[in-house]
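File shown here: data-v7.txt, holding compact mmCIF, C-alpha atoms and all ligand atoms.
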# COMPACT_ATOMS: atom_id res chain seq x y z
CA MET C 4 -102.55 -0.82 0.36
CA LEU C 5 -99.34 1.25 0.15
CA PRO C 6 -100.98 4.46 1.51
CA ILE C 7 -102.35 2.44 4.53
CA ILE C 8 -98.86 1.02 5.27
CA LEU C 9 -97.27 4.44 4.95
CA THR C 10 -99.93 6.07 7.19
CA SER C 11 -99.51 3.33 9.84
CA ALA C 12 -95.72 3.72 9.74
CA ALA C 13 -96.06 7.48 10.12
CA VAL C 14 -98.49 7.08 13.07
CA ILE C 15 -96.21 4.53 14.82
CA GLY C 16 -93.16 6.74 14.15
CA GLY C 17 -95.03 9.77 15.51
CA ILE C 18 -96.08 7.91 18.68
CA ALA C 19 -92.49 6.67 19.24
CA LEU C 20 -91.15 10.20 18.77
CA ALA C 21 -93.76 11.64 21.16
CA LEU C 22 -93.00 8.96 23.79
CA GLY C 23 -89.27 9.62 23.45
CA LEU C 24 -89.89 13.35 23.92
CA ILE C 25 -92.14 12.77 26.96
CA LEU C 26 -89.51 10.47 28.53
CA ALA C 27 -86.74 13.02 27.86
CA LEU C 28 -88.82 15.87 29.35
CA ALA C 29 -89.83 13.74 32.35
CA ASP C 30 -86.17 12.85 32.90
CA LYS C 31 -85.19 16.52 32.69
CA PHE C 32 -87.89 18.02 34.87
CA LEU C 33 -89.30 15.27 37.13
CA ALA C 34 -86.52 12.79 37.84
CA ASP C 35 -84.45 13.56 40.91
CA TYR C 36 -81.24 11.56 41.10
CA GLY C 37 -80.06 13.32 44.26
CA VAL C 38 -76.36 13.51 45.04
CA VAL C 39 -74.24 10.72 43.57
CA THR C 40 -70.57 9.73 43.78
CA LEU C 41 -68.33 10.30 40.80
CA THR C 42 -64.94 8.60 41.09
CA ILE C 43 -62.13 9.99 38.96
CA ASN C 44 -59.11 7.87 38.03
CA GLY C 45 -59.88 5.39 40.77
CA ASP C 46 -58.99 7.63 43.69
CA LYS C 47 -60.73 11.02 43.69
CA GLU C 48 -64.35 10.86 44.87
CA LEU C 49 -66.69 13.77 44.14
CA SER C 50 -70.26 14.23 45.39
CA VAL C 51 -72.19 15.66 42.46
CA LYS C 52 -75.80 16.43 41.59
CA GLY C 53 -77.18 13.59 39.46
CA GLY C 54 -79.18 14.00 36.26
CA ASN C 55 -76.81 15.99 34.03
CA SER C 56 -74.47 14.83 31.30
CA LEU C 57 -71.08 13.59 32.43
CA LEU C 58 -69.45 16.38 30.38
CA TYR C 59 -71.50 19.10 32.11
CA THR C 60 -71.09 17.50 35.54
CA LEU C 61 -67.31 17.46 35.12
CA PHE C 62 -67.35 21.04 33.79
CA GLN C 63 -69.24 22.15 36.93
CA GLN C 64 -66.47 20.53 38.97
CA LYS C 65 -63.81 22.39 36.88
CA TYR C 66 -62.68 19.33 34.92
CA PHE C 67 -62.52 20.48 31.31
CA ILE C 68 -62.98 17.86 28.58
CA PRO C 69 -62.57 18.71 24.85
CA SER C 70 -66.06 19.15 23.38
CA ALA C 71 -65.70 21.05 20.13
CA CYS C 72 -69.31 20.54 18.98
CA GLY C 73 -70.64 21.87 22.28
CA GLY C 74 -72.26 18.57 23.33
CA LYS C 75 -74.17 17.81 20.11
CA GLY C 76 -72.66 14.31 19.90
CA THR C 77 -70.97 14.93 16.55
CA CYS C 78 -67.31 15.81 17.15
CA ALA C 79 -66.41 12.76 19.29
CA TYR C 80 -63.78 14.85 21.09
CA CYS C 81 -65.41 14.26 24.50
CA LYS C 82 -64.57 10.53 24.66
CA LEU C 83 -63.77 9.20 28.13
CA VAL C 84 -63.43 5.69 29.54
CA VAL C 85 -66.31 5.06 31.96
CA THR C 86 -65.86 1.79 33.83
CA GLU C 87 -69.04 1.88 35.92
CA GLY C 88 -72.47 3.51 35.93
CA ALA C 89 -72.85 4.70 32.33
CA GLY C 90 -75.62 2.27 31.30
CA PRO C 91 -76.08 0.84 27.81
CA TYR C 92 -74.64 2.58 24.76
CA LEU C 93 -76.98 5.20 23.26
CA PRO C 94 -77.81 5.34 19.52
CA THR C 95 -75.99 8.70 19.33
CA GLU C 96 -72.83 7.07 20.69
CA LYS C 97 -73.06 4.06 18.39
CA ILE C 98 -72.91 6.39 15.37
CA VAL C 99 -69.47 7.76 16.26
CA LEU C 100 -67.76 5.13 18.42
CA THR C 101 -66.02 2.10 16.93
CA ASP C 102 -66.65 -1.48 18.17
CA GLU C 103 -63.09 -1.48 19.49
CA GLU C 104 -63.73 1.69 21.53
CA MET C 105 -67.00 0.31 22.89
CA ALA C 106 -65.22 -2.89 23.95
CA LYS C 107 -62.89 -0.66 26.00
CA ASN C 108 -65.77 1.24 27.71
CA VAL C 109 -65.09 4.46 25.77
CA ARG C 110 -68.14 6.75 26.04
CA LEU C 111 -69.20 10.16 24.72
CA SER C 112 -69.27 12.17 27.93
CA CYS C 113 -71.72 14.68 26.44
CA GLN C 114 -74.30 11.92 25.87
CA VAL C 115 -73.89 9.82 29.03
CA LYS C 116 -76.02 10.97 31.99
CA VAL C 117 -74.78 10.77 35.59
CA ARG C 118 -77.71 9.01 37.26
CA GLY C 119 -75.91 7.05 39.96
CA ALA C 120 -72.43 6.14 41.17
CA MET C 121 -70.02 6.39 38.26
CA ARG C 122 -66.31 5.72 37.71
CA VAL C 123 -64.49 7.63 34.99
CA GLU C 124 -60.90 7.85 33.71
CA ILE C 125 -59.63 11.33 32.80
CA PRO C 126 -56.30 11.57 30.87
CA ALA C 127 -53.60 13.43 32.79
CA GLU C 128 -53.14 16.11 30.10
CA TYR C 129 -56.73 17.29 30.61
CA PHE C 130 -55.82 18.45 34.12
CA GLU C 131 -53.75 21.24 32.51
CA ILE C 132 -56.84 22.76 30.89
CA GLY C 133 -58.04 25.90 32.65
CA GLU C 134 -60.70 28.62 32.57
CA TYR C 135 -59.83 32.12 31.37
CA GLU C 136 -61.39 35.56 31.31
CA ALA C 137 -60.22 38.05 28.70
CA VAL C 138 -61.28 41.42 27.29
CA LEU C 139 -61.53 42.38 23.65
CA GLU C 140 -58.63 44.63 22.70
CA LYS C 141 -59.01 44.82 18.92
CA ALA C 142 -61.53 43.70 16.30
CA GLU C 143 -60.85 43.91 12.59
CA LEU C 144 -62.87 42.72 9.60
CA VAL C 145 -60.28 40.85 7.51
CA THR C 146 -62.69 39.57 4.81
CA PRO C 147 -66.40 40.39 4.35
CA ALA C 148 -67.25 37.37 6.57
CA ILE C 149 -64.21 36.94 8.87
CA LYS C 150 -63.22 39.04 11.87
CA GLU C 151 -59.89 38.91 13.62
CA LEU C 152 -60.45 39.38 17.35
CA THR C 153 -57.58 39.99 19.75
CA PHE C 154 -58.21 39.55 23.47
CA ARG C 155 -56.02 40.52 26.41
CA LEU C 156 -56.01 37.89 29.15
CA ALA C 157 -57.42 39.20 32.44
CA ASP C 158 -57.75 36.27 34.83
CA PRO C 159 -55.32 34.53 34.82
CA PRO C 160 -53.23 37.17 33.03
CA ALA C 161 -51.46 34.76 30.62
CA ILE C 162 -52.16 31.52 28.74
CA LYS C 163 -49.82 28.70 27.76
CA PHE C 164 -50.71 26.74 24.63
CA LYS C 165 -49.14 24.88 21.73
CA ALA C 166 -49.37 26.16 18.14
CA GLY C 167 -52.44 24.60 16.49
CA GLN C 168 -54.58 24.29 19.63
CA TYR C 169 -58.00 25.80 20.26
CA VAL C 170 -60.16 27.09 23.13
CA GLN C 171 -63.87 26.83 23.77
CA ILE C 172 -65.48 30.24 24.03
CA GLN C 173 -68.66 30.68 26.05
CA ALA C 174 -71.51 32.52 24.32
CA PRO C 175 -75.06 33.27 25.49
CA ALA C 176 -77.84 31.53 23.52
CA PRO C 177 -80.29 34.12 22.17
CA GLY C 178 -83.49 34.30 24.21
CA THR C 179 -82.54 32.02 27.11
CA GLY C 180 -79.02 33.39 27.70
CA GLU C 181 -78.00 29.79 28.43
CA ALA C 182 -74.24 29.29 28.01
CA VAL C 183 -73.16 27.51 24.81
CA TYR C 184 -69.57 26.64 23.91
CA ARG C 185 -67.84 26.71 20.54
CA ALA C 186 -64.27 25.93 19.51
CA TYR C 187 -61.98 28.63 18.06
CA SER C 188 -58.36 28.06 17.08
CA MET C 189 -55.61 30.26 18.37
CA ALA C 190 -54.49 32.37 15.40
CA SER C 191 -51.57 34.00 17.21
CA LEU C 192 -48.16 32.93 18.43
CA PRO C 193 -47.88 30.84 21.61
CA SER C 194 -45.05 33.15 22.70
CA LEU C 195 -47.48 36.10 23.00
CA ARG C 196 -48.89 34.75 26.22
CA GLU C 197 -50.80 37.83 27.41
CA THR C 198 -52.94 38.22 24.31
CA VAL C 199 -54.63 35.73 22.05
CA SER C 200 -56.20 36.21 18.59
CA PHE C 201 -58.96 34.33 16.83
CA ASN C 202 -60.28 34.45 13.26
CA VAL C 203 -64.05 34.07 13.41
CA ARG C 204 -66.27 33.46 10.40
CA LEU C 205 -69.80 34.82 10.72
CA GLU C 206 -72.31 31.96 10.28
CA GLU C 207 -75.86 32.89 9.35
CA ASN C 208 -77.91 32.61 12.59
CA GLY C 209 -74.85 31.10 14.28
CA VAL C 210 -75.03 31.60 18.05
CA ALA C 211 -71.36 32.05 18.96
CA SER C 212 -70.09 33.69 15.76
CA THR C 213 -72.90 36.29 15.88
CA TYR C 214 -72.11 36.97 19.55
CA LEU C 215 -68.36 37.30 18.86
CA PHE C 216 -68.97 39.55 15.83
CA GLY C 217 -71.07 41.86 18.06
CA LEU C 218 -68.41 42.32 20.77
CA LYS C 219 -67.04 45.84 21.34
CA ASP C 220 -63.57 46.84 22.57
CA GLY C 221 -63.36 46.20 26.33
CA ASP C 222 -66.12 43.54 26.35
CA PRO C 223 -65.27 40.46 28.45
CA VAL C 224 -65.36 36.82 27.29
CA LYS C 225 -64.83 33.51 29.05
CA PHE C 226 -63.19 30.46 27.58
CA SER C 227 -61.59 27.19 28.60
CA GLY C 228 -58.58 25.53 27.06
CA PRO C 229 -56.19 24.91 25.52
CA TYR C 230 -57.44 21.80 23.72
CA GLY C 231 -56.49 19.83 20.64
CA GLU C 232 -53.96 17.64 18.93
CA PHE C 233 -53.58 19.57 15.66
CA LEU C 234 -49.88 20.03 16.38
CA TYR C 235 -46.63 20.01 14.43
CA SER C 236 -45.45 16.40 14.29
CA ARG C 237 -41.69 17.14 14.26
CA SER C 238 -41.22 14.26 11.83
CA GLY C 239 -38.52 16.12 9.88
CA ARG C 240 -40.59 15.81 6.67
CA ASN C 241 -41.62 18.88 4.69
CA ALA C 242 -44.99 20.26 5.80
CA VAL C 243 -47.87 20.75 3.36
CA CYS C 244 -50.61 22.95 4.84
CA LEU C 245 -53.96 22.84 3.04
CA ALA C 246 -56.34 25.56 4.29
CA THR C 247 -59.70 26.78 3.07
CA GLY C 248 -61.45 29.93 4.28
CA VAL C 249 -61.24 30.50 8.02
CA GLY C 250 -59.31 27.22 8.18
CA LEU C 251 -56.22 29.45 7.87
CA ALA C 252 -56.63 30.33 11.59
CA PRO C 253 -54.48 27.59 13.23
CA PHE C 254 -51.80 27.95 10.52
CA ARG C 255 -51.19 31.53 11.68
CA SER C 256 -49.83 29.90 14.81
CA LEU C 257 -48.48 26.65 13.34
CA ILE C 258 -46.55 27.96 10.31
CA PRO C 259 -44.29 30.43 12.18
CA ASP C 260 -43.82 27.75 14.84
CA ILE C 261 -42.63 25.20 12.26
CA LEU C 262 -40.37 27.73 10.48
CA GLU C 263 -38.80 28.76 13.76
CA SER C 264 -38.47 25.38 15.44
CA ASP C 265 -37.37 23.33 12.42
CA PRO C 266 -35.25 25.47 10.06
CA ASP C 267 -34.53 22.55 7.71
CA VAL C 268 -38.17 21.84 6.91
CA GLU C 269 -39.86 23.38 3.84
CA VAL C 270 -43.39 24.65 4.51
CA PHE C 271 -45.98 24.89 1.72
CA LEU C 272 -49.24 26.74 2.31
CA PHE C 273 -52.01 26.07 -0.22
CA PHE C 274 -54.80 28.52 0.64
CA GLY C 275 -58.15 27.98 -1.11
CA ALA C 276 -60.65 30.85 -1.26
CA ARG C 277 -63.37 32.06 -3.60
CA VAL C 278 -62.15 35.54 -4.58
CA LYS C 279 -59.11 37.70 -3.84
CA GLY C 280 -60.95 39.54 -1.05
CA ASP C 281 -61.30 36.23 0.84
CA LEU C 282 -57.52 35.73 1.02
CA TYR C 283 -56.60 37.17 4.39
CA GLY C 284 -53.59 37.05 6.71
CA GLY C 285 -51.52 38.96 4.11
CA ALA C 286 -49.16 40.68 6.58
CA ASP C 287 -48.32 37.38 8.31
CA ILE C 288 -47.83 35.60 4.99
CA GLU C 289 -45.47 38.36 3.78
CA GLU C 290 -43.48 37.96 6.98
CA TRP C 291 -43.23 34.14 6.59
CA ALA C 292 -42.28 34.60 2.92
CA LYS C 293 -39.05 36.33 4.01
CA ASN C 294 -37.95 32.81 4.91
CA PRO C 295 -36.92 30.95 1.70
CA LYS C 296 -38.24 27.70 3.23
CA PHE C 297 -41.83 29.03 3.06
CA HIS C 298 -43.89 28.73 -0.14
CA TYR C 299 -47.35 30.26 -0.61
CA ILE C 300 -49.81 29.02 -3.26
CA PRO C 301 -53.20 30.81 -3.12
CA ILE C 302 -55.94 29.19 -5.24
CA LEU C 303 -59.16 30.98 -6.22
CA SER C 304 -62.30 29.03 -7.11
CA GLY C 305 -64.58 31.95 -8.05
CA GLU C 306 -64.68 34.40 -10.94
CA GLU C 307 -61.81 36.86 -10.50
CA GLY C 308 -60.66 38.87 -13.51
CA ASP C 309 -57.40 40.36 -12.29
CA TRP C 310 -55.62 37.19 -11.09
CA ASP C 311 -52.66 35.37 -12.58
CA GLY C 312 -52.37 32.79 -9.78
CA GLU C 313 -53.88 29.28 -9.55
CA ARG C 314 -57.57 28.93 -10.41
CA GLY C 315 -60.04 26.18 -9.53
CA ARG C 316 -61.12 24.13 -6.52
CA MET C 317 -58.23 23.82 -4.12
CA ASP C 318 -58.32 20.00 -3.93
CA VAL C 319 -58.60 19.60 -7.72
CA VAL C 320 -55.69 21.98 -8.40
CA PHE C 321 -53.54 20.49 -5.64
CA PHE C 322 -53.88 16.89 -6.80
CA ALA C 323 -53.62 17.72 -10.50
CA LYS C 324 -50.56 19.97 -10.32
CA PHE C 325 -48.73 19.64 -7.02
CA PHE C 326 -49.28 16.30 -5.28
CA GLU C 327 -46.60 14.35 -7.19
CA SER C 328 -43.79 16.41 -5.67
CA HIS C 329 -45.31 16.18 -2.16
CA ALA C 330 -46.06 12.45 -1.93
CA GLN C 331 -43.51 11.97 0.88
CA ASP C 332 -44.50 15.06 2.91
CA GLU C 333 -46.45 15.48 6.15
CA TYR C 334 -49.97 16.91 5.72
CA TYR C 335 -51.86 19.46 7.83
CA LEU C 336 -55.47 20.12 6.76
CA CYS C 337 -57.95 22.63 8.13
CA GLY C 338 -61.33 23.96 7.00
CA ALA C 339 -64.93 22.81 6.59
CA PRO C 340 -65.43 19.08 7.39
CA VAL C 341 -66.55 18.25 3.85
CA VAL C 342 -63.31 19.66 2.39
CA VAL C 343 -61.07 18.04 5.02
CA ASN C 344 -62.82 14.67 4.56
CA SER C 345 -62.45 14.69 0.79
CA LEU C 346 -58.79 15.79 0.94
CA THR C 347 -58.03 13.07 3.50
CA ALA C 348 -59.77 10.38 1.43
CA GLU C 349 -57.82 11.36 -1.71
CA LEU C 350 -54.48 11.50 0.13
CA ILE C 351 -55.07 8.01 1.54
CA LYS C 352 -56.14 6.77 -1.89
CA ARG C 353 -52.84 8.06 -3.27
CA GLY C 354 -50.84 6.19 -0.64
CA VAL C 355 -50.19 8.80 2.08
CA PRO C 356 -50.37 6.90 5.39
CA GLU C 357 -53.00 8.14 7.87
CA GLY C 358 -50.25 8.84 10.40
CA ARG C 359 -48.87 11.56 8.11
CA ILE C 360 -52.24 13.37 7.83
CA HIS C 361 -53.17 15.79 10.64
CA PHE C 362 -56.37 17.82 10.60
CA ASP C 363 -58.89 20.03 12.39
CA LYS C 364 -62.43 20.06 11.03
CA PHE C 365 -64.31 23.29 11.69
CA GLY C 366 -67.80 21.94 12.17
C1 LIG C 401 -61.43 22.31 16.64
C2 LIG C 401 -62.27 23.40 16.02
C3 LIG C 401 -61.72 24.66 15.82
C4 LIG C 401 -62.49 25.67 15.25
N1 LIG C 401 -61.90 26.88 15.01
C5 LIG C 401 -62.62 27.86 14.40
C6 LIG C 401 -62.02 29.12 14.09
O1 LIG C 401 -60.84 29.38 14.36
N2 LIG C 401 -62.80 30.06 13.47
C7 LIG C 401 -64.12 29.83 13.15
O2 LIG C 401 -64.78 30.72 12.61
N3 LIG C 401 -64.71 28.64 13.45
C8 LIG C 401 -64.00 27.68 14.07
N4 LIG C 401 -64.60 26.48 14.38
C9 LIG C 401 -66.07 26.36 14.16
C10 LIG C 401 -66.78 26.95 15.40
O3 LIG C 401 -66.51 26.14 16.54
C11 LIG C 401 -68.30 27.03 15.26
O4 LIG C 401 -68.79 25.75 14.89
C12 LIG C 401 -68.74 28.05 14.23
O5 LIG C 401 -68.23 29.33 14.55
C13 LIG C 401 -70.28 28.12 14.20
O6 LIG C 401 -70.74 28.36 15.51
P1 LIG C 401 -72.04 29.23 15.77
O7 LIG C 401 -72.39 29.08 17.23
O8 LIG C 401 -71.86 30.60 15.24
O9 LIG C 401 -73.12 28.52 14.87
P2 LIG C 401 -74.22 27.47 15.36
O10 LIG C 401 -75.23 28.14 16.21
O11 LIG C 401 -73.52 26.29 15.92
O12 LIG C 401 -74.85 27.12 13.97
C14 LIG C 401 -74.06 26.61 12.89
C15 LIG C 401 -74.87 26.65 11.62
O13 LIG C 401 -75.96 25.76 11.75
C16 LIG C 401 -77.17 26.46 11.56
N5 LIG C 401 -78.11 25.96 12.56
C17 LIG C 401 -78.03 26.08 13.90
N6 LIG C 401 -79.07 25.47 14.49
C18 LIG C 401 -79.81 24.95 13.49
C19 LIG C 401 -81.01 24.22 13.45
N7 LIG C 401 -81.66 23.87 14.54
N8 LIG C 401 -81.49 23.84 12.22
C20 LIG C 401 -80.82 24.17 11.10
N9 LIG C 401 -79.70 24.90 11.08
C21 LIG C 401 -79.21 25.26 12.26
C22 LIG C 401 -76.87 27.94 11.76
O14 LIG C 401 -77.72 28.75 11.00
C23 LIG C 401 -75.44 28.03 11.33
O15 LIG C 401 -75.36 28.27 9.95
C24 LIG C 401 -63.85 25.45 14.92
C25 LIG C 401 -64.41 24.19 15.16
C26 LIG C 401 -63.63 23.18 15.68
C27 LIG C 401 -64.27 21.82 15.89
S1 LIG C 402 -68.96 17.21 22.75
FE1 LIG C 402 -68.88 16.73 20.66
S2 LIG C 402 -69.42 14.62 20.67
FE2 LIG C 402 -69.50 15.15 22.72
Represent the structure contained in this file as structure tokens.
Amino acid sequence: MLPIILTSAAVIGGIALALGLILALADKFLADYGVVTLTINGDKELSVKGGNSLLYTLFQQKYFIPSACGGKGTCAYCKLVVTEGAGPYLPTEKIVLTDEEMAKNVRLSCQVKVRGAMRVEIPAEYFEIGEYEAVLEKAELVTPAIKELTFRLADPPAIKFKAGQYVQIQAPAPGTGEAVYRAYSMASLPSLRETVSFNVRLEENGVASTYLFGLKDGDPVKFSGPYGEFLYSRSGRNAVCLATGVGLAPFRSLIPDILESDPDVEVFLFFGARVKGDLYGGADIEEWAKNPKFHYIPILSGEEGDWDGERGRMDVVFFAKFFESHAQDEYYLCGAPVVVNSLTAELIKRGVPEGRIHFDKFG
């Protein structure tokens, strides 16, 4: 009996999947929605080609919306209020949006399709986001898997951003050459407006990281930005920065910014890596360490013979040995989502209010 039920379920599931695929393909290739009206913030009316995602449609019209996952429906950065024309909520939206957000017509603009007249609200700060072209000026391997890439801005010739923000770099998908977008944090000072540096970790078969690793001096790139709210809170509390791996990137901008703008605040950087060769940013860290308000605690999780510093998983070491004296501090976390999530959960469990925990998840 059980095999028959399982076979029937598999057949029904297969048919549903096939139908879904056929509908999606038909929508992509056969449906023609013509030109539709997209109204922005109640007053600006645009005539746009129907059929694409709201995110892509806005991008085509030079309205840049944060979309760190590149439209996969996972980052939830592309939320916009759509008051008309978005249709029912999709399963992909229901996974990431709260009931409260849905009651307020918040939508994932990467999932919603523009199929007819639509009215959307775009926050004023997004109008400051622009498109940039830059050329690679310097590439340096700073660990076996991380490259530091410095670009000189070409058009426009300078960028204005806040420490901790990121841009979305355009990369060609292998085979099709179709543009894909990935988020990379500024790893240089906002005051250096004519150049910008990124720390990029090479992901196996990763589209954008492989493309960026392959760039040669003088090669052009395009990106939009700046985006993001991973900013210094100016709360006056001491700042505890918890970074793992390439998650150090935004701190290379944030830490000097905090030290310079708030001389009374103590800054603690806990940097988790596997082995000594994965600890990068040494020259910057030495520079920050000239300031007695800065404290650096590297923690190695792998086998490393010649090391008299902290050993173990960064979260385990931090909570076992250091948390007590930082219970009242402000937290800044950056690294892989799994690490950021577990650090956040433990901080909350230990009584740190959510409002004192700031993070960027690299995934
Ligand atoms: C706000 C923010 C800031 C960030 N800043 C940085 C930064 O400063 N530096 C940095 O290095 N990264 C940063 N990231 C991460 C970055 O945006 C990219 O996600 C990362 O570089 C991987 O992109 P990719 O195109 O190389 O890999 P992708 O092509 O997106 O692939 C990612 C991984 O998934 C696997 N994969 C892809 N497709 C499939 C599939 N169909 N089935 C199974 N596996 C698959 C790949 O093999 C790869 O390992 C940031 C992310 C965010 C959200
Ligand atoms: S772009 Fe990431 S969820 Fe929409």
Using all atoms listed in the file, what are the residues with an atom within 8 Å of ligand LIG 402 (chain C), set out as a tab-separated table (two decimals) with C-alpha atoms, in the frame of the given file?
chain	number	residue	atom	x	y	z
C	58	LEU	CA	-69.45	16.38	30.38
C	69	PRO	CA	-62.57	18.71	24.85
C	70	SER	CA	-66.06	19.15	23.38
C	71	ALA	CA	-65.70	21.05	20.13
C	72	CYS	CA	-69.31	20.54	18.98
C	73	GLY	CA	-70.64	21.87	22.28
C	74	GLY	CA	-72.26	18.57	23.33
C	75	LYS	CA	-74.17	17.81	20.11
C	76	GLY	CA	-72.66	14.31	19.90
C	77	THR	CA	-70.97	14.93	16.55
C	78	CYS	CA	-67.31	15.81	17.15
C	79	ALA	CA	-66.41	12.76	19.29
C	80	TYR	CA	-63.78	14.85	21.09
C	81	CYS	CA	-65.41	14.26	24.50
C	82	LYS	CA	-64.57	10.53	24.66
C	111	LEU	CA	-69.20	10.16	24.72
C	112	SER	CA	-69.27	12.17	27.93
C	113	CYS	CA	-71.72	14.68	26.44
C	114	GLN	CA	-74.30	11.92	25.87
Q. Quick one: distance from atom O7 of ligand LIG 401 (chain C) to CA of Lys364 in chain C in Å, one decimal?
A.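 Computed distance, atom O7 of ligand LIG 401 (chain C) to CA of Lys364 in chain C, equals 14.8 Å.
Within 9 Å of the point (-58.3, 34.7, -0.1), counting only C-alpha atoms, the protein and nucleic acid residues come to Thr146, Thr247, Gly248, Phe274, Gly275, Ala276, Arg277, Val278, Lys279, Gly280, Asp281, Leu282, Tyr283, Gly284, Pro301, Ile302 and Leu303 of chain C.
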(Q) At a cut-off of 12 Å, using all atoms listed in the file, what residues contact Leu49 in chain C? Leave out same-chain residues fewer than 3 positions from it and give the result as an MDAnalysis selection string. (A) chainID C and resid 38:46 52:53 60:61 63:66 120:123
Please return the centre and edge lengths, in Å to one decimal, of a box with edges along x, y and z that contains all listed atoms of range 196-212 of chain C, widened by 8 Å on every side, as lines of an AutoDock Vina configuration file.
center_x = -63.4
center_y = 34.7
center_z = 18.4
size_x = 45.0
size_y = 23.1
size_z = 34.1
Q: All residues within 8 Å of ligand LIG 401 (chain C) are required, counting only C-alpha atoms and all ligand atoms; please report them as an MDAnalysis selection string.
A: chainID C and resid 71:72 78 149 168:171 174 183:190 201:214 231 249:253 363:366
